[in-house]
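For reference, upload.tsv (TSV, C-alpha atoms):
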```tsv
chain	number	residue	atom	x	y	z
M	1	MET	CA	113.17	130.28	180.62
M	2	GLU	CA	114.01	131.21	177.03
M	3	LYS	CA	111.51	133.62	175.50
M	4	ALA	CA	109.37	132.10	172.75
M	5	LYS	CA	110.31	133.29	169.28
M	6	ASP	CA	107.92	135.27	167.11
M	7	ILE	CA	106.45	133.32	164.21
M	8	LEU	CA	104.02	135.86	162.75
M	9	THR	CA	104.32	139.62	163.15
M	10	ALA	CA	101.88	142.13	161.65
M	11	GLU	CA	102.89	145.80	161.65
M	12	HIS	CA	100.25	148.41	160.76
M	13	PHE	CA	98.60	145.87	158.48
M	14	SER	CA	95.65	147.10	156.42
M	15	VAL	CA	93.29	145.77	153.76
M	16	SER	CA	90.90	147.79	151.63
M	17	PHE	CA	88.84	147.03	148.54
M	18	MET	CA	88.16	149.10	145.46
M	19	GLN	CA	84.45	149.12	144.62
M	20	ARG	CA	82.49	150.72	141.81
M	21	LYS	CA	80.40	153.75	142.74
M	22	GLY	CA	77.86	154.80	140.16
M	23	LEU	CA	78.57	154.33	136.46
M	24	TRP	CA	82.17	155.53	136.32
M	25	GLY	CA	83.32	156.20	139.87
M	26	MET	CA	85.30	154.06	142.30
M	27	GLN	CA	85.48	154.13	146.07
M	28	LYS	CA	87.92	152.60	148.53
M	29	LEU	CA	86.46	150.53	151.36
M	30	PRO	CA	88.84	150.21	154.35
M	31	VAL	CA	88.10	146.84	155.94
M	32	ILE	CA	91.19	146.47	158.17
M	33	GLN	CA	93.19	149.46	159.43
M	34	ASP	CA	96.43	149.77	161.37
M	35	LEU	CA	96.51	146.23	162.77
M	36	SER	CA	99.56	145.11	164.74
M	37	LEU	CA	99.89	141.72	166.46
M	38	LYS	CA	102.29	138.85	167.13
M	39	VAL	CA	101.92	135.07	167.32
M	40	ARG	CA	104.77	133.26	169.05
M	41	GLU	CA	105.94	129.65	169.24
M	42	GLY	CA	103.70	127.48	171.41
M	43	GLU	CA	101.07	130.19	171.61
M	44	MET	CA	97.39	130.32	170.67
M	45	VAL	CA	96.12	133.83	169.96
M	46	ALA	CA	92.46	134.62	169.27
M	47	VAL	CA	91.19	137.52	167.21
M	48	VAL	CA	87.67	138.12	168.54
M	49	GLY	CA	85.07	140.41	167.04
M	50	ALA	CA	81.53	140.69	165.76
M	51	SER	CA	80.44	139.65	162.29
M	52	GLY	CA	81.56	142.22	159.74
M	53	SER	CA	84.56	143.41	161.75
M	54	GLY	CA	87.05	142.07	159.18
M	55	LYS	CA	88.28	138.94	160.97
M	56	SER	CA	88.09	136.52	158.02
M	57	ILE	CA	89.61	139.16	155.72
M	58	LEU	CA	92.56	139.20	158.13
M	59	ALA	CA	93.04	135.43	157.75
M	60	HIS	CA	92.90	135.60	153.96
M	61	GLY	CA	95.09	138.69	153.88
M	62	ILE	CA	97.88	136.96	155.81
M	63	MET	CA	97.67	133.96	153.48
M	64	GLY	CA	97.63	136.11	150.33
M	65	LEU	CA	94.22	134.83	149.25
M	66	LEU	CA	92.46	138.14	148.65
M	67	PRO	CA	90.71	139.03	145.36
M	68	GLU	CA	92.31	141.29	142.76
M	69	ASN	CA	90.47	144.41	143.93
M	70	ALA	CA	92.13	144.23	147.35
M	71	CYS	CA	94.78	146.76	148.42
M	72	VAL	CA	97.14	145.63	151.18
M	73	GLY	CA	99.30	147.91	153.32
M	74	GLY	CA	101.67	147.57	156.24
M	75	LYS	CA	104.05	144.67	156.71
M	76	LEU	CA	103.86	140.98	157.63
M	77	PHE	CA	106.85	138.99	158.89
M	78	PHE	CA	107.34	135.24	159.25
M	79	ARG	CA	110.09	134.47	161.77
M	80	GLY	CA	111.52	137.94	161.22
M	81	ARG	CA	111.57	137.69	157.43
M	82	GLU	CA	109.19	139.97	155.56
M	83	ILE	CA	106.45	138.10	153.69
M	84	THR	CA	106.49	139.05	150.03
M	85	ALA	CA	104.72	137.58	147.01
M	86	LYS	CA	107.79	135.39	146.44
M	87	THR	CA	108.23	134.15	150.01
M	88	LEU	CA	104.49	133.59	150.35
M	89	LYS	CA	104.63	130.89	147.69
M	90	GLU	CA	107.28	129.09	149.72
M	91	LEU	CA	105.39	129.39	153.01
M	92	ARG	CA	101.72	128.93	152.12
M	93	GLY	CA	100.45	125.41	152.45
M	94	HIS	CA	103.67	124.22	154.07
M	95	ARG	CA	105.09	126.31	156.92
M	96	MET	CA	101.90	128.36	157.29
M	97	VAL	CA	98.47	126.88	156.64
M	98	LEU	CA	94.85	128.00	156.75
M	99	VAL	CA	92.06	125.92	158.25
M	100	PRO	CA	89.17	127.65	156.47
M	101	GLN	CA	85.74	128.52	157.78
M	102	SER	CA	83.91	126.92	154.87
M	103	VAL	CA	83.96	123.13	154.50
M	104	SER	CA	83.61	123.70	150.75
M	105	TYR	CA	87.40	123.99	150.63
M	106	LEU	CA	87.51	120.19	150.47
M	107	ASP	CA	87.42	118.77	146.95
M	108	PRO	CA	84.02	117.03	146.65
M	109	LEU	CA	85.37	114.63	144.01
M	110	MET	CA	88.41	113.41	145.95
M	111	ARG	CA	88.46	110.88	148.78
M	112	VAL	CA	89.37	112.25	152.19
M	113	GLY	CA	92.55	110.23	152.59
M	114	GLU	CA	94.04	111.63	149.38
M	115	GLN	CA	93.28	115.19	150.48
M	116	VAL	CA	94.88	114.71	153.87
M	117	ARG	CA	98.01	113.37	152.14
M	118	ASN	CA	97.88	116.16	149.53
M	119	GLY	CA	97.79	113.52	146.80
M	120	LYS	CA	100.95	111.70	147.94
M	121	LYS	CA	100.80	107.92	147.56
M	122	ASP	CA	104.10	106.67	148.98
M	123	ILE	CA	104.10	104.32	151.95
M	124	ILE	CA	105.40	106.89	154.45
M	125	SER	CA	102.74	109.44	153.51
M	126	ARG	CA	100.00	106.82	153.72
M	127	ARG	CA	101.16	105.77	157.18
M	128	ARG	CA	101.40	109.36	158.41
M	129	GLY	CA	97.98	110.14	157.00
M	130	ARG	CA	96.43	107.18	158.78
M	131	GLU	CA	98.16	108.07	162.05
M	132	THR	CA	96.98	111.67	161.78
M	133	LEU	CA	93.37	110.66	161.23
M	134	GLU	CA	93.55	108.26	164.17
M	135	ARG	CA	94.94	111.08	166.32
M	136	TYR	CA	91.65	112.91	165.81
M	137	GLY	CA	89.42	109.91	166.37
M	138	LEU	CA	88.89	109.06	162.70
M	139	GLY	CA	89.23	105.40	161.73
M	140	GLU	CA	90.95	103.92	158.70
M	141	GLU	CA	87.59	103.72	156.90
M	142	THR	CA	87.44	107.53	156.85
M	143	GLU	CA	90.16	107.63	154.20
M	144	ARG	CA	87.79	106.14	151.63
M	145	LEU	CA	84.95	108.59	152.26
M	146	TYR	CA	84.04	111.62	150.17
M	147	PRO	CA	83.38	115.00	151.84
M	148	PHE	CA	79.58	114.72	151.45
M	149	GLU	CA	79.69	111.60	153.62
M	150	LEU	CA	81.22	113.43	156.59
M	151	SER	CA	79.46	115.06	159.54
M	152	GLY	CA	80.28	118.66	160.44
M	153	GLY	CA	82.59	117.63	163.26
M	154	MET	CA	84.39	115.07	161.08
M	155	THR	CA	84.91	117.68	158.37
M	156	ARG	CA	86.53	120.07	160.84
M	157	ARG	CA	88.87	117.33	162.02
M	158	ILE	CA	89.79	116.48	158.41
M	159	LEU	CA	90.70	120.13	157.79
M	160	ILE	CA	92.84	120.14	160.94
M	161	SER	CA	94.50	116.91	159.78
M	162	THR	CA	95.63	118.54	156.54
M	163	ALA	CA	97.40	121.21	158.62
M	164	VAL	CA	99.06	118.68	160.91
M	165	MET	CA	100.31	116.61	157.97
M	166	GLU	CA	102.41	119.54	156.81
M	167	ASN	CA	103.99	120.10	160.26
M	168	ALA	CA	103.11	123.77	159.84
M	169	GLU	CA	104.75	126.34	162.09
M	170	LEU	CA	101.77	128.72	161.83
M	171	VAL	CA	98.15	127.56	161.71
M	172	ILE	CA	95.40	130.11	161.03
M	173	ALA	CA	91.97	128.78	162.00
M	174	ASP	CA	89.14	130.85	160.52
M	175	GLU	CA	85.91	130.36	162.54
M	176	PRO	CA	86.42	126.59	162.98
M	177	THR	CA	83.40	125.95	165.25
M	178	PRO	CA	80.16	127.33	163.66
M	179	GLY	CA	77.40	124.74	163.41
M	180	LEU	CA	78.95	122.47	166.03
M	181	HIS	CA	77.34	121.70	169.37
M	182	LEU	CA	79.24	122.90	172.42
M	183	GLU	CA	81.13	119.70	173.22
M	184	ALA	CA	82.19	119.20	169.58
M	185	ALA	CA	83.32	122.84	169.40
M	186	LYS	CA	85.40	122.42	172.55
M	187	ARG	CA	87.03	119.29	171.10
M	188	VAL	CA	87.93	121.12	167.89
M	189	LEU	CA	89.59	123.96	169.83
M	190	SER	CA	91.40	121.45	172.01
M	191	HIS	CA	92.99	120.06	168.84
M	192	PHE	CA	94.35	123.51	168.00
M	193	ARG	CA	95.61	123.81	171.58
M	194	GLU	CA	97.53	120.56	171.06
M	195	ILE	CA	99.10	121.98	167.91
M	196	ALA	CA	100.26	125.06	169.85
M	197	ASP	CA	101.53	122.97	172.75
M	198	ALA	CA	103.64	121.03	170.23
M	199	GLY	CA	105.45	124.28	169.37
M	200	ALA	CA	103.52	125.86	166.50
M	201	GLY	CA	101.77	129.21	166.61
M	202	VAL	CA	97.97	129.25	166.21
M	203	LEU	CA	95.93	132.28	165.21
M	204	LEU	CA	92.26	131.63	165.94
M	205	ILE	CA	89.65	133.82	164.23
M	206	THR	CA	86.36	133.64	166.13
M	207	HIS	CA	83.26	135.52	167.30
M	208	ASP	CA	82.86	133.31	170.39
M	209	LEU	CA	84.73	134.93	173.26
M	210	SER	CA	83.56	132.48	175.94
M	211	LEU	CA	84.78	129.47	173.96
M	212	ALA	CA	88.09	131.08	173.03
M	213	LEU	CA	88.91	131.89	176.65
M	214	GLU	CA	88.98	128.18	177.49
M	215	THR	CA	91.95	127.47	175.23
M	216	VAL	CA	93.88	130.58	174.11
M	217	ASP	CA	96.76	132.49	175.67
M	218	ARG	CA	95.91	135.97	174.40
M	219	ILE	CA	92.89	137.79	172.95
M	220	VAL	CA	93.07	140.54	170.32
M	221	VAL	CA	89.73	142.37	170.31
M	222	PHE	CA	88.62	143.57	166.88
M	223	TYR	CA	86.14	146.39	166.27
M	224	ALA	CA	85.24	147.92	162.90
M	225	GLY	CA	88.39	146.58	161.27
M	226	THR	CA	90.98	147.48	163.87
M	227	ALA	CA	92.40	146.08	167.10
M	228	VAL	CA	91.15	147.99	170.14
M	229	GLU	CA	92.78	145.82	172.81
M	230	GLU	CA	95.18	142.96	173.34
M	231	ALA	CA	94.80	141.14	176.65
M	232	GLY	CA	95.91	137.92	178.27
M	233	ALA	CA	93.17	135.33	178.66
M	234	GLY	CA	93.55	135.68	182.44
M	235	ASP	CA	92.63	139.37	182.22
M	236	PHE	CA	89.04	138.32	181.49
M	237	SER	CA	88.71	136.89	185.00
M	238	LYS	CA	87.58	140.34	186.15
M	239	GLU	CA	86.41	143.47	184.37
M	240	GLU	CA	88.88	145.73	186.16
M	241	SER	CA	91.77	144.02	184.32
M	242	LEU	CA	90.41	145.00	180.91
M	243	ARG	CA	91.43	148.21	179.18
M	244	HIS	CA	88.98	149.27	176.45
M	245	PRO	CA	85.27	150.12	176.94
M	246	TYR	CA	84.31	147.77	174.08
M	247	THR	CA	86.19	144.88	175.70
M	248	LYS	CA	84.44	145.67	178.99
M	249	ALA	CA	81.12	145.62	177.13
M	250	LEU	CA	81.96	142.16	175.72
M	251	TYR	CA	82.76	141.00	179.24
M	252	ARG	CA	79.37	142.18	180.51
M	253	ALA	CA	77.58	140.52	177.58
M	254	MET	CA	78.86	137.06	178.57
M	255	PRO	CA	76.24	134.73	180.16
M	256	GLU	CA	77.94	134.64	183.53
M	257	HIS	CA	78.10	138.44	183.72
M	258	GLY	CA	74.48	139.33	183.10
M	259	PHE	CA	73.86	139.59	179.33
M	260	LEU	CA	74.33	143.36	179.41
M	261	THR	CA	74.90	145.15	176.09
M	262	VAL	CA	75.72	148.66	174.93
M	263	SER	CA	73.22	150.46	172.70
M	264	GLY	CA	74.12	151.07	169.07
M	265	SER	CA	75.95	148.92	166.54
M	266	GLN	CA	79.29	148.57	164.84
M	267	PRO	CA	79.63	151.09	161.97
M	268	PHE	CA	79.86	150.01	158.34
M	269	VAL	CA	83.13	150.76	156.55
M	270	THR	CA	81.56	153.65	154.61
M	271	GLU	CA	80.27	155.26	157.81
M	272	LEU	CA	83.32	155.19	160.08
M	273	PRO	CA	83.38	158.12	162.51
M	274	ARG	CA	86.37	160.40	162.98
M	275	GLY	CA	88.90	159.30	165.54
M	276	CYS	CA	87.70	156.48	167.78
M	277	PHE	CA	85.44	154.08	165.85
M	278	TYR	CA	83.75	153.08	169.11
M	279	GLY	CA	83.12	156.73	170.04
M	280	PRO	CA	79.38	156.93	169.17
M	281	ARG	CA	78.68	154.08	171.62
M	282	CYS	CA	81.08	155.16	174.37
M	283	ALA	CA	79.95	156.99	177.52
M	284	TYR	CA	83.39	158.58	177.85
M	285	PHE	CA	83.65	159.99	174.31
M	286	SER	CA	84.85	163.61	174.14
M	287	GLU	CA	86.25	166.06	171.60
M	288	GLU	CA	89.79	164.76	171.99
M	289	CYS	CA	88.59	161.28	170.92
M	290	LYS	CA	87.95	162.65	167.41
M	291	GLY	CA	91.68	162.80	166.73
M	292	THR	CA	94.24	160.07	166.12
M	293	ILE	CA	93.96	157.20	168.62
M	294	PRO	CA	97.31	155.36	168.91
M	295	TYR	CA	97.56	151.66	169.71
M	296	ARG	CA	99.74	151.70	172.81
M	297	GLY	CA	101.06	149.53	175.57
M	298	PHE	CA	99.05	149.75	178.78
M	299	GLN	CA	99.04	147.56	181.92
M	300	GLU	CA	100.92	144.66	180.27
M	301	GLY	CA	98.62	144.69	177.25
M	302	MET	CA	97.71	146.95	174.35
M	303	VAL	CA	94.83	149.39	173.96
M	304	ARG	CA	93.49	151.90	171.42
M	305	CYS	CA	91.89	154.38	173.83
M	306	LEU	CA	92.96	157.74	175.23
M	307	LYS	CA	91.08	157.21	178.49
M	308	ALA	CA	92.02	153.67	179.42
M	309	GLY	CA	92.05	153.35	183.20
M	310	GLN	CA	89.59	156.22	183.77
M	311	PHE	CA	86.31	154.28	183.56
M	312	ARG	CA	83.57	154.25	186.17
M	313	ALA	CA	82.21	151.32	188.11
M	314	LYS	CA	80.66	148.32	186.41
M	315	GLY	CA	77.30	148.77	184.73
M	316	GLU	CA	76.97	152.58	184.61
M	317	ASP	CA	77.23	152.89	180.82
M	318	VAL	CA	75.31	149.78	179.69
M	319	HIS	CA	71.67	148.88	179.14
M	320	GLU	CA	69.86	145.74	180.24
M	321	THR	CA	68.47	144.05	177.12
M	322	GLY	CA	67.13	140.76	178.40
M	323	ARG	CA	68.71	137.35	178.42
M	324	LYS	CA	68.88	136.42	174.78
M	325	LYS	CA	71.38	133.93	173.45
M	326	SER	CA	72.15	136.28	170.55
M	327	ASP	CA	73.52	138.84	173.02
M	328	VAL	CA	76.25	136.48	174.15
M	329	SER	CA	78.31	136.46	170.97
M	330	VAL	CA	80.27	139.55	169.93
```

As structure tokens, the full file:
Amino acid sequence: MEKAKDILTAEHFSVSFMQRKGLWGMQKLPVIQDLSLKVREGEMVAVVGASGSGKSILAHGIMGLLPENACVGGKLFFRGREITAKTLKELRGHRMVLVPQSVSYLDPLMRVGEQVRNGKKDIISRRRGRETLERYGLGEETERLYPFELSGGMTRRILISTAVMENAELVIADEPTPGLHLEAAKRVLSHFREIADAGAGVLLITHDLSLALETVDRIVVFYAGTAVEEAGAGDFSKEESLRHPYTKALYRAMPEHGFLTVSGSQPFVTELPRGCFYGPRCAYFSEECKGTIPYRGFQEGMVRCLKAGQFRAKGEDVHETGRKKSDVSV
């Protein structure tokens, strides 16, 4: 079988923001550091992490939608061609599209049908727009509605429709399921799975590991603005297949694995520890973990940990916190 071609490649990608400090000073806030990942044809890749880990910044950084005080480093490639300010204008909204987290991205003063067609009024565009809406269970009457007349689930499907209309090769979905009940959330992710199965690459940004595992091919685990592990979805079938202690902690926090959590919290960008960002919460942290931690290949995945493969049996470095729904998400 021919190997799927890379659509998006990020190499040591970083994003930081300049912020005022005091009356005259400035400080640099590193939100994403040393991120490397790939999204291939026909593949759905999830970036999973807790709130504040930099996931949405990643989506906007790839699309070139960051504010003026942002500083971007590293390199991004689209089908092997480096993404620059010039090439981004050619790609964005056509070959690569963003399905945003906020439904406010829809124009409140424009009917839905016009937005799906991107304002085009020719017969072919109208027919394609109607067929696309029908594909996602939205009738012809939906075209005449305004965004305020849509339910949450309908709005998500409209946003997906705008991506499909462009026949995009890369779709970035930024937290597409918040506020939806479980069945509606599963339907939304199934639509993205269909897009990937049709040959596009899909990058899913989410905090919901359990939901992502039902549809994606690979998981990139984010912590404090950097990738700590990349694993196949099948690796989450058992803890022993996972590589990083944070990923193992996420596994144990899932409902079916006991709602176990690790004490402590993710550090803020101004309080990042030396070396391993997860170090203060890790039972295996040692002096050598205060140095540079490379992101390296390990057991058919990637990991940012010097001691991957050396961990003890399940449950020895976690604390029972009670079965709260809030413990399930990462």

Rounded to one decimal in Å, what is the spacing between atom CA of M:Gly52 and atom CA of M:Glu169?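 Pair atom CA of M:Gly52 / atom CA of M:Glu169 returns 28.2 Å.
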
Please identify every residue of stretch 66-165 of chain M that has at least one atom no farther than 12 Å from an atom of stretch 29-35 of chain M, counting only C-alpha atoms, and for each give the shortest atom pair and the distance in Å to one decimal, arranged by chain then increasing number, as a Markdown table.
```
| residue | atom | partner | partner_atom | distance |
| --- | --- | --- | --- | --- |
| M:Asn69 | CA | M:Leu29 | CA | 10.4 |
| M:Ala70 | CA | M:Leu29 | CA | 9.4 |
| M:Cys71 | CA | M:Pro30 | CA | 9.1 |
| M:Val72 | CA | M:Ile32 | CA | 9.2 |
| M:Gly73 | CA | M:Asp34 | CA | 8.7 |
| M:Gly74 | CA | M:Asp34 | CA | 7.7 |
| M:Lys75 | CA | M:Leu35 | CA | 9.8 |
| M:Leu76 | CA | M:Leu35 | CA | 10.4 |
```

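Distance annotation: of M:Ala196, M:Val103, M:Lys86, M:Ser161, the residue with the minimal separation from M:Ile7 is M:Ala196; atom set is all atoms listed in the file.
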
Separating atom CA of M:Phe268 from atom CA of M:Ser53, to the nearest tenth of an Å, is a gap of 8.8 Å

Give me the residues within 9 Å of M:Gly54 as number ranges by chain, counting all atoms listed in the file and dropping any in the same chain fewer than 2 places off. M: 31-32, 49-52, 56-58, 222-226

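For the choices M:Arg126, M:Arg193, M:Arg156, M:Arg40, the atom-to-atom distance to M:Ser104 is smallest for M:Arg156 when using only C-alpha atoms.
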
With distances taken over only C-alpha atoms, which of M:Glu300, M:Glu256, M:Glu131, M:Asp208 is nearest to M:Asp235?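 Among M:Glu300, M:Glu256, M:Glu131, M:Asp208, it is M:Glu300 that comes nearest to M:Asp235.
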
For M:Leu182, which residue among M:Pro147, M:Pro280, M:Gly153, M:Pro108 is the nearest when counting all atoms listed in the file? M:Gly153

Find the residues around M:Glu43 up to 7 Å (all atoms listed in the file counted), leave out those fewer than 6 positions away in its own chain, and share them as JSON, numbers by chain. {"M": [196, 201, 202, 217]}

Atom pair atom CA of M:Arg218 + atom CA of M:Tyr136, distance 25.0 Å

What residues have an atom no more than 12 Å from (81.4, 118.8, 170.5) in the file's own frame, counting all atoms listed in the file, and can you write them as a VMD selection string? chain M and resid 151 to 154 156 to 157 176 to 191 211

Given the choices M:Gly232, M:His94, M:Glu240, M:Thr215, which gets closest to M:Met44 if the distance is worked out from only C-alpha atoms?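 Among the listed residues, M:Thr215 lies closest to M:Met44.
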
Using only C-alpha atoms, which residues sit within 9 Å of M:Gly129 once same-chain residues fewer than 5 positions away are excluded, as a ChimeraX atom specification? /M:113-114,116-117,124,134,143,161-162,165

Residues near M:Pro267, cut-off 9 Å, only C-alpha atoms, skip fewer than 4 positions along chain, as a PyMOL selection string: chain M and resi 224+271-273+277-278

Find, counting only C-alpha atoms, the residue in M:Ala163, M:Ile83, M:Leu65, M:Leu204 that gets nearest to M:Val39.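 Checking each candidate against M:Val39, we get M:Leu204 as the closest.
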
Return the padded bounding box of stretch 33-39 of chain M as AutoDock Vina command-line options: axis-aligned, built from all atoms listed in the file, 6 Å added on each side, with centre and edge lengths in Å to one decimal.
```
--center_x 97.7 --center_y 142.4 --center_z 163.4 --size_x 21.1 --size_y 26.7 --size_z 19.9
```
